[in-house]
Structures are given as structure tokens and as C-alpha cells.
Amino acid sequence: MTLLNDREWRGNVFTGAWRPAQGGTAPVTSPTTDSELGVIGSAGAADITEAAERGAKAQKDWAARSFEERAAVLRRAAAEFEEEADEVASWLRKEAGSAAGKAGFEVHLAVTEAYESAALASQPNGEVLRSAQSRLSLSRRVPAGVVGVIAPFNFPLILGMRSVAPALALGNAVVLKPDPRTAVCGGAVIAEVFREAGLP
């Protein structure tokens with residue numbers, strides 16, 4: 001199976017589906033050979049607004065799902081990373097200039113992050129806080145809503161996943177902005193993995 005279909009993401013952005021970018025396109029180049037690997041869409045203001053609005057709509061249903069359902073999506077994402085490890089590592093080598101060992105390690109960490117976040121979904125929703133007063137004091141964890149994540153270029157996959165996966169586990173929607181130098185391995189890969197895993 002191939003995770004990334006070049007015809008789908010070429011010149012596009014992902015807002016629930018791949019579609020033409022309002023901000024134009026940018027080349028995806030190899031830092032080691034300077035050769036063009038493809039073309040990715042650059043989000044414009046309208047794309048970001050649409051992504052945030054779509055995220056806000058989807059987030060309500062996502063947060064209302066049981067922790068078992070959210071955890072299952074994260075476990076499927078981990079399995080998808082494992083199944084597509086060679087392709088993902090290949091993109092990390094080509095686009096980010098990662099050595100084979102670093103690329104493999106980064107994919108391994110993405111798998112681990114997805115599994116650990118799946119476990120996070122079932123953690124307590126709050127806690128009883130100490131109080132000197134004669135009253136019950138509680139803290140309650142609730143989803144923030146739509147979370148914005150900016151992923152850097154140096155470890156694009158794991159540093160993106162380190163924020164995306166826990167946010168999703170706790171019932172949030174995510175708008176991810178990868179670094180333009182690693183838009184495929186730090187953005188398109190994550191979008192496709194979670195789409196395949198059944199994230200709404």
C-alpha cells in the first residue's frame with residue numbers, strides 16, 4: 001500500500017480532503033541534492049479559516065466520542081505508521097535530509113507517540129484538589145477546541161506528532177502547519193495517516 005498519492009497532494013492543502021491551495025504552491029526540494037521532489041500547496045488565509053471552521057465543527061462530535069473510540073483511532077494511526085514505515089522514512093530521508101538511522105528512529109517515535117496518546121485518552125478527566133476550606137474542590141479537564149500546531153523542520157514528524165496526537169486523544173481538533181521545507185514528511189504524512197485511521 002502507498003500512503004501518499006502524489007496526484008492527491010500535489011499543489012494542494014488538506015482541510016478534510018486534498019484541495020487546491022488559496023496561497024499558491026511551493027516546490028518540495030531535497031536539501032541534499034536540491035532536486036525537486038514535488039509541489040505542495042501553500043495555505044492562504046481562506047484555507048486556514050476553512051480548516052479552523054471545519055475543525056471546530058468536527059471537534060464537537062470528536063470530543064463527544066468515548067475515550068475508547070478516540071484511543072482506537074490513535075492505535076490505528078500507530079499501526080498505519082508501522083505499516084508505512086518504509087515510505088515515511090523514505091520521505092524523511094529525501095525531504096528532510098535525514099540519515100537512514102534518524103529517519104527510522106523518527107518513525108519509531110511517531111508510532112510510540114500515537115500509542116502513548118491512545119493511553120492518554122482514558123486518563124481521568126480531572127482530580128480532587130486539596131483545600132483547607134470545608135468544601136470539595138475539583139479540577140476538570142475539557143478539550144480546548146481547535147489546537148494550532150506548528151511543526152519545525154529538524155524532526156518534522158515526531159515534533160508534529162508530539163503535539164497532534166495528545167491533542168486528538170483529549171478530544172481536540174488540530175490545525176497543523178508544517179515547516180515549508182518539510183511539508184510532506186511533517187504535514188502530508190500526518191494528515192494521511194490520521195485519515196486512514198478514521199479521524200473525522
# chains A, B, ... in the order shown; residues from 1 in each chain; ligands from 1
$ residues_around --residues "Tyr115 of chain A" --least-positions-apart "6" --cutoff "12 Å" --atoms "only C-alpha atoms" --output "list in words"
Arg70, Ala71, Ala72, Val73, Leu74, Arg75, Arg76, Ala77, Ala78, Ala79, Glu80, Phe81, Glu82, His108, Leu109, Ala121, Met161, Arg162, Ala165, Pro166 and Ala169 of chain A
$ residues_around --residues "Arg195 of chain A" --least-positions-apart "3" --cutoff "12 Å" --atoms "only C-alpha atoms" --output "ChimeraX atom specification"
/A:3-4,14-18,73-74,76-77,80,188-192,198-200
$ write_last_selection --atoms "C-alpha atoms" --output "mmCIF file, in the first residue's frame"
data_model
loop_
_atom_site.group_PDB
_atom_site.id
_atom_site.type_symbol
_atom_site.label_atom_id
_atom_site.label_comp_id
_atom_site.auth_asym_id
_atom_site.auth_seq_id
_atom_site.Cartn_x
_atom_site.Cartn_y
_atom_site.Cartn_z
ATOM 1 C CA LEU A 3 0.340 6.154 1.877
ATOM 2 C CA LEU A 4 0.990 9.230 -0.230
ATOM 3 C CA PHE A 14 -5.602 19.187 3.398
ATOM 4 C CA THR A 15 -8.774 20.512 5.040
ATOM 5 C CA GLY A 16 -10.639 17.228 5.417
ATOM 6 C CA ALA A 17 -9.731 16.388 1.827
ATOM 7 C CA TRP A 18 -6.956 17.483 -0.517
ATOM 8 C CA VAL A 73 -8.211 5.898 16.101
ATOM 9 C CA LEU A 74 -4.820 6.623 17.656
ATOM 10 C CA ARG A 76 -4.921 2.590 14.088
ATOM 11 C CA ALA A 77 -2.693 5.611 13.335
ATOM 12 C CA GLU A 80 -0.565 2.796 9.873
ATOM 13 C CA ALA A 188 1.003 15.415 4.452
ATOM 14 C CA VAL A 189 2.145 12.168 6.095
ATOM 15 C CA ILE A 190 0.364 13.015 9.369
ATOM 16 C CA ALA A 191 -2.819 14.056 7.539
ATOM 17 C CA GLU A 192 -2.893 10.840 5.527
ATOM 18 C CA GLY A 198 -10.599 7.101 10.562
ATOM 19 C CA LEU A 199 -10.205 10.514 12.179
ATOM 20 C CA PRO A 200 -13.267 12.613 11.253
#
$ closest_residue --among "A:Arg135, A:Lys94, A:Arg130, A:Arg141" --to "Glu36 of chain A" --atoms "only C-alpha atoms"
A:Lys94
$ residues_around --residues "Arg140 of chain A" --least-positions-apart "2" --cutoff "12 Å" --atoms "only C-alpha atoms" --output "PyMOL selection string"
chain A and resi 123-129+137-138+142-144
$ write_last_selection --atoms "C-alpha atoms" --output "PDB file, in the first residue's frame"
ATOM      1  CA  GLN A 123      -6.824   9.032  31.851  1.00  0.00           C
ATOM      2  CA  PRO A 124      -9.001  10.717  34.474  1.00  0.00           C
ATOM      3  CA  ASN A 125     -10.880  13.788  33.326  1.00  0.00           C
ATOM      4  CA  GLY A 126      -9.904  15.710  36.445  1.00  0.00           C
ATOM      5  CA  GLU A 127      -8.850  15.439  40.035  1.00  0.00           C
ATOM      6  CA  VAL A 128      -9.878  16.365  43.525  1.00  0.00           C
ATOM      7  CA  LEU A 129      -7.700  19.242  44.702  1.00  0.00           C
ATOM      8  CA  SER A 137     -12.548  21.435  45.082  1.00  0.00           C
ATOM      9  CA  LEU A 138     -12.257  19.796  41.673  1.00  0.00           C
ATOM     10  CA  VAL A 142     -12.029  19.602  28.993  1.00  0.00           C
ATOM     11  CA  PRO A 143     -10.969  19.876  25.338  1.00  0.00           C
ATOM     12  CA  ALA A 144      -9.650  23.297  24.329  1.00  0.00           C
TER      13      ALA A 144
END
$ residues_around --residues "Glu53 of chain A" --least-positions-apart "4" --cutoff "12 Å" --atoms "only C-alpha atoms" --output "list in words"
Thr15, Gly16, Ala46, Asp47, Ile48, Thr49, Lys57, Ala58, Gln59, Lys60, Gly145, Val146, Val147, Ala173, Val174 and Val175 of chain A
$ residues_around --residues "Cys185 of chain A" --least-positions-apart "5" --cutoff "7 Å" --atoms "only C-alpha atoms" --output "list in words"
Val88, Trp91, Leu92, Pro156 and Leu157 of chain A
$ residues_around --residues "Gly41 of chain A" --least-positions-apart "6" --cutoff "12 Å" --atoms "only C-alpha atoms" --output "JSON list (two decimals) with N, CA, C and O atoms, in the first residue's frame"
[["chain", "number", "residue", "atom", "x", "y", "z"],
["A", 8, "GLU", "N", -2.84, 13.27, -5.39],
["A", 8, "GLU", "CA", -3.76, 13.84, -4.42],
["A", 8, "GLU", "C", -3.21, 15.08, -3.75],
["A", 8, "GLU", "O", -3.91, 16.08, -3.61],
["A", 9, "TRP", "N", -1.98, 15.05, -3.29],
["A", 9, "TRP", "CA", -1.46, 16.17, -2.51],
["A", 9, "TRP", "C", -0.71, 17.19, -3.34],
["A", 9, "TRP", "O", -0.45, 18.31, -2.88],
["A", 10, "ARG", "N", -0.38, 16.88, -4.59],
["A", 10, "ARG", "CA", 0.40, 17.79, -5.42],
["A", 10, "ARG", "C", -0.31, 19.14, -5.58],
["A", 10, "ARG", "O", -1.40, 19.21, -6.11],
["A", 11, "GLY", "N", 0.30, 20.19, -5.06],
["A", 11, "GLY", "CA", -0.23, 21.54, -5.17],
["A", 11, "GLY", "C", -1.44, 21.81, -4.29],
["A", 11, "GLY", "O", -2.09, 22.84, -4.44],
["A", 12, "ASN", "N", -1.75, 20.90, -3.37],
["A", 12, "ASN", "CA", -2.96, 21.01, -2.56],
["A", 12, "ASN", "C", -2.65, 21.17, -1.08],
["A", 12, "ASN", "O", -1.54, 20.96, -0.64],
["A", 13, "VAL", "N", -3.70, 21.52, -0.32],
["A", 13, "VAL", "CA", -3.66, 21.53, 1.14],
["A", 13, "VAL", "C", -4.76, 20.60, 1.62],
["A", 13, "VAL", "O", -5.71, 20.32, 0.89],
["A", 14, "PHE", "N", -4.63, 20.13, 2.85],
["A", 14, "PHE", "CA", -5.60, 19.19, 3.40],
["A", 14, "PHE", "C", -6.50, 19.90, 4.40],
["A", 14, "PHE", "O", -6.02, 20.40, 5.41],
["A", 15, "THR", "N", -7.78, 19.97, 4.11],
["A", 15, "THR", "CA", -8.77, 20.51, 5.04],
["A", 15, "THR", "C", -9.94, 19.52, 5.08],
["A", 15, "THR", "O", -11.07, 19.85, 4.75],
["A", 18, "TRP", "N", -7.96, 16.70, 0.20],
["A", 18, "TRP", "CA", -6.96, 17.48, -0.52],
["A", 18, "TRP", "C", -7.68, 18.36, -1.53],
["A", 18, "TRP", "O", -8.51, 17.89, -2.28],
["A", 19, "ARG", "N", -7.34, 19.66, -1.51],
["A", 19, "ARG", "CA", -7.94, 20.59, -2.46],
["A", 19, "ARG", "C", -6.95, 21.69, -2.79],
["A", 19, "ARG", "O", -6.00, 21.91, -2.04],
["A", 20, "PRO", "N", -7.18, 22.38, -3.93],
["A", 20, "PRO", "CA", -6.23, 23.43, -4.32],
["A", 20, "PRO", "C", -6.03, 24.48, -3.23],
["A", 20, "PRO", "O", -6.98, 24.87, -2.56],
["A", 21, "ALA", "N", -4.79, 24.89, -3.09],
["A", 21, "ALA", "CA", -4.44, 25.87, -2.06],
["A", 21, "ALA", "C", -4.71, 27.28, -2.53],
["A", 21, "ALA", "O", -4.41, 27.63, -3.68],
["A", 22, "GLN", "N", -5.26, 28.09, -1.65],
["A", 22, "GLN", "CA", -5.53, 29.50, -1.96],
["A", 22, "GLN", "C", -4.24, 30.33, -1.96],
["A", 22, "GLN", "O", -4.19, 31.37, -2.59],
["A", 23, "GLY", "N", -3.21, 29.84, -1.27],
["A", 23, "GLY", "CA", -1.96, 30.59, -1.17],
["A", 23, "GLY", "C", -0.94, 30.24, -2.23],
["A", 23, "GLY", "O", 0.21, 30.64, -2.14],
["A", 24, "GLY", "N", -1.34, 29.45, -3.24],
["A", 24, "GLY", "CA", -0.41, 29.07, -4.29],
["A", 24, "GLY", "C", 0.29, 27.76, -3.97],
["A", 24, "GLY", "O", -0.18, 26.97, -3.16],
["A", 25, "THR", "N", 1.41, 27.56, -4.61],
["A", 25, "THR", "CA", 2.16, 26.31, -4.44],
["A", 25, "THR", "C", 3.61, 26.62, -4.12],
["A", 25, "THR", "O", 4.08, 27.73, -4.31],
["A", 26, "ALA", "N", 4.28, 25.60, -3.62],
["A", 26, "ALA", "CA", 5.71, 25.72, -3.31],
["A", 26, "ALA", "C", 6.39, 24.41, -3.68],
["A", 26, "ALA", "O", 5.80, 23.34, -3.50],
["A", 27, "PRO", "N", 7.61, 24.46, -4.20],
["A", 27, "PRO", "CA", 8.31, 23.22, -4.53],
["A", 27, "PRO", "C", 8.75, 22.48, -3.27],
["A", 27, "PRO", "O", 9.06, 23.09, -2.25],
["A", 28, "VAL", "N", 8.74, 21.16, -3.36],
["A", 28, "VAL", "CA", 9.29, 20.31, -2.31],
["A", 28, "VAL", "C", 10.64, 19.88, -2.85],
["A", 28, "VAL", "O", 10.73, 19.21, -3.87],
["A", 47, "ASP", "N", -7.80, 29.34, 3.38],
["A", 47, "ASP", "CA", -7.58, 27.92, 3.73],
["A", 47, "ASP", "C", -7.53, 27.72, 5.23],
["A", 47, "ASP", "O", -8.10, 26.77, 5.77],
["A", 177, "LYS", "N", 0.44, 23.19, 10.91],
["A", 177, "LYS", "CA", 1.23, 23.96, 9.94],
["A", 177, "LYS", "C", 2.65, 23.42, 9.98],
["A", 177, "LYS", "O", 3.41, 23.72, 10.89],
["A", 178, "PRO", "N", 2.99, 22.58, 9.00],
["A", 178, "PRO", "CA", 4.37, 22.08, 8.96],
["A", 178, "PRO", "C", 5.31, 23.15, 8.42],
["A", 178, "PRO", "O", 4.88, 24.09, 7.75],
["A", 180, "PRO", "N", 7.61, 24.74, 5.81],
["A", 180, "PRO", "CA", 7.54, 24.59, 4.34],
["A", 180, "PRO", "C", 8.65, 23.70, 3.77],
["A", 180, "PRO", "O", 8.48, 23.10, 2.72],
["A", 183, "ALA", "N", 7.11, 19.94, 4.37],
["A", 183, "ALA", "CA", 5.64, 19.92, 4.34],
["A", 183, "ALA", "C", 5.07, 18.53, 4.09],
["A", 183, "ALA", "O", 3.95, 18.24, 4.51],
["A", 184, "VAL", "N", 5.81, 17.67, 3.42],
["A", 184, "VAL", "CA", 5.30, 16.32, 3.15],
["A", 184, "VAL", "C", 5.50, 15.44, 4.38],
["A", 184, "VAL", "O", 4.54, 14.92, 4.95],
["A", 187, "GLY", "N", 3.76, 17.09, 7.44],
["A", 187, "GLY", "CA", 2.37, 17.52, 7.30],
["A", 187, "GLY", "C", 1.51, 16.52, 6.57],
["A", 187, "GLY", "O", 0.58, 15.93, 7.12],
["A", 188, "ALA", "N", 1.82, 16.31, 5.29],
["A", 188, "ALA", "CA", 1.00, 15.42, 4.45],
["A", 188, "ALA", "C", 0.97, 14.00, 5.02],
["A", 188, "ALA", "O", -0.09, 13.35, 5.02]]
$ closest_residue --among "A:Gly171, A:Pro31, A:Gly186, A:Gly101" --to "Ala63 of chain A" --atoms "only C-alpha atoms"
A:Gly171
$ select_by_dssp --residues "segment 24-192 of chain A" --states "strand (DSSP E)" --output "VMD selection string"
chain A and resid 25 to 29 36 to 41 126 to 129 137 to 140 146 to 151 173 to 178
$ write_last_selection --atoms "C-alpha atoms" --output "mmCIF file, in the first residue's frame"
data_model
loop_
_atom_site.group_PDB
_atom_site.id
_atom_site.type_symbol
_atom_site.label_atom_id
_atom_site.label_comp_id
_atom_site.auth_asym_id
_atom_site.auth_seq_id
_atom_site.Cartn_x
_atom_site.Cartn_y
_atom_site.Cartn_z
ATOM 1 C CA THR A 25 2.158 26.309 -4.442
ATOM 2 C CA ALA A 26 5.714 25.721 -3.312
ATOM 3 C CA PRO A 27 8.306 23.220 -4.525
ATOM 4 C CA VAL A 28 9.288 20.306 -2.312
ATOM 5 C CA THR A 29 13.051 20.019 -2.684
ATOM 6 C CA GLU A 36 12.503 18.872 -6.887
ATOM 7 C CA LEU A 37 10.529 16.062 -5.233
ATOM 8 C CA GLY A 38 7.081 17.520 -5.869
ATOM 9 C CA VAL A 39 4.919 20.550 -5.322
ATOM 10 C CA ILE A 40 2.873 21.222 -2.190
ATOM 11 C CA GLY A 41 0.111 23.744 -1.668
ATOM 12 C CA GLY A 126 -9.904 15.710 36.445
ATOM 13 C CA GLU A 127 -8.850 15.439 40.035
ATOM 14 C CA VAL A 128 -9.878 16.365 43.525
ATOM 15 C CA LEU A 129 -7.700 19.242 44.702
ATOM 16 C CA SER A 137 -12.548 21.435 45.082
ATOM 17 C CA LEU A 138 -12.257 19.796 41.673
ATOM 18 C CA SER A 139 -10.310 20.419 38.505
ATOM 19 C CA ARG A 140 -11.833 19.151 35.305
ATOM 20 C CA VAL A 146 -9.214 23.692 17.877
ATOM 21 C CA VAL A 147 -5.500 23.478 18.622
ATOM 22 C CA GLY A 148 -2.917 25.070 16.335
ATOM 23 C CA VAL A 149 0.341 23.145 15.915
ATOM 24 C CA ILE A 150 3.472 24.413 14.170
ATOM 25 C CA ALA A 151 5.989 21.668 13.371
ATOM 26 C CA ALA A 173 -9.323 19.214 16.661
ATOM 27 C CA VAL A 174 -5.949 20.185 15.210
ATOM 28 C CA VAL A 175 -4.817 22.601 12.509
ATOM 29 C CA LEU A 176 -1.236 21.629 11.647
ATOM 30 C CA LYS A 177 1.226 23.956 9.943
ATOM 31 C CA PRO A 178 4.368 22.081 8.963
#
$ select_by_dssp --residues "segment 38-199 of chain A" --states "helix (DSSP H, G or I)" --output "PyMOL selection string"
chain A and resi 45-64+67-83+85-96+100-120+156-169+180-182+184-197
$ atom_distance --atom1 "atom CA of Ala197 of chain A" --atom2 "atom CA of Glu69 of chain A"
11.3 Å
$ decode --residues "segment 96-107 of chain A" --atoms "N, CA and C atoms" --output "PDB file, in the first residue's frame"
ATOM      1  N   ALA A  96      13.778  15.819   4.291  1.00  0.00           N
ATOM      2  CA  ALA A  96      14.407  16.438   5.459  1.00  0.00           C
ATOM      3  C   ALA A  96      15.922  16.226   5.485  1.00  0.00           C
ATOM      4  N   GLY A  97      16.421  15.374   4.599  1.00  0.00           N
ATOM      5  CA  GLY A  97      17.844  15.090   4.584  1.00  0.00           C
ATOM      6  C   GLY A  97      18.286  14.205   5.735  1.00  0.00           C
ATOM      7  N   SER A  98      17.346  13.464   6.310  1.00  0.00           N
ATOM      8  CA  SER A  98      17.665  12.592   7.445  1.00  0.00           C
ATOM      9  C   SER A  98      18.507  11.406   7.006  1.00  0.00           C
ATOM     10  N   ALA A  99      19.442  11.024   7.854  1.00  0.00           N
ATOM     11  CA  ALA A  99      20.168   9.771   7.640  1.00  0.00           C
ATOM     12  C   ALA A  99      19.187   8.627   7.890  1.00  0.00           C
ATOM     13  N   ALA A 100      19.480   7.456   7.363  1.00  0.00           N
ATOM     14  CA  ALA A 100      18.567   6.317   7.483  1.00  0.00           C
ATOM     15  C   ALA A 100      18.241   6.001   8.940  1.00  0.00           C
ATOM     16  N   GLY A 101      19.226   6.034   9.805  1.00  0.00           N
ATOM     17  CA  GLY A 101      19.001   5.738  11.218  1.00  0.00           C
ATOM     18  C   GLY A 101      18.082   6.744  11.886  1.00  0.00           C
ATOM     19  N   LYS A 102      18.299   8.026  11.600  1.00  0.00           N
ATOM     20  CA  LYS A 102      17.448   9.075  12.166  1.00  0.00           C
ATOM     21  C   LYS A 102      16.029   8.937  11.644  1.00  0.00           C
ATOM     22  N   ALA A 103      15.877   8.675  10.362  1.00  0.00           N
ATOM     23  CA  ALA A 103      14.538   8.539   9.772  1.00  0.00           C
ATOM     24  C   ALA A 103      13.782   7.375  10.406  1.00  0.00           C
ATOM     25  N   GLY A 104      14.456   6.237  10.546  1.00  0.00           N
ATOM     26  CA  GLY A 104      13.824   5.081  11.173  1.00  0.00           C
ATOM     27  C   GLY A 104      13.458   5.349  12.625  1.00  0.00           C
ATOM     28  N   PHE A 105      14.346   6.034  13.335  1.00  0.00           N
ATOM     29  CA  PHE A 105      14.094   6.377  14.731  1.00  0.00           C
ATOM     30  C   PHE A 105      12.897   7.312  14.846  1.00  0.00           C
ATOM     31  N   GLU A 106      12.801   8.271  13.935  1.00  0.00           N
ATOM     32  CA  GLU A 106      11.695   9.230  13.973  1.00  0.00           C
ATOM     33  C   GLU A 106      10.357   8.537  13.708  1.00  0.00           C
ATOM     34  N   VAL A 107      10.329   7.603  12.771  1.00  0.00           N
ATOM     35  CA  VAL A 107       9.106   6.846  12.520  1.00  0.00           C
ATOM     36  C   VAL A 107       8.746   6.023  13.757  1.00  0.00           C
TER      37      VAL A 107
END
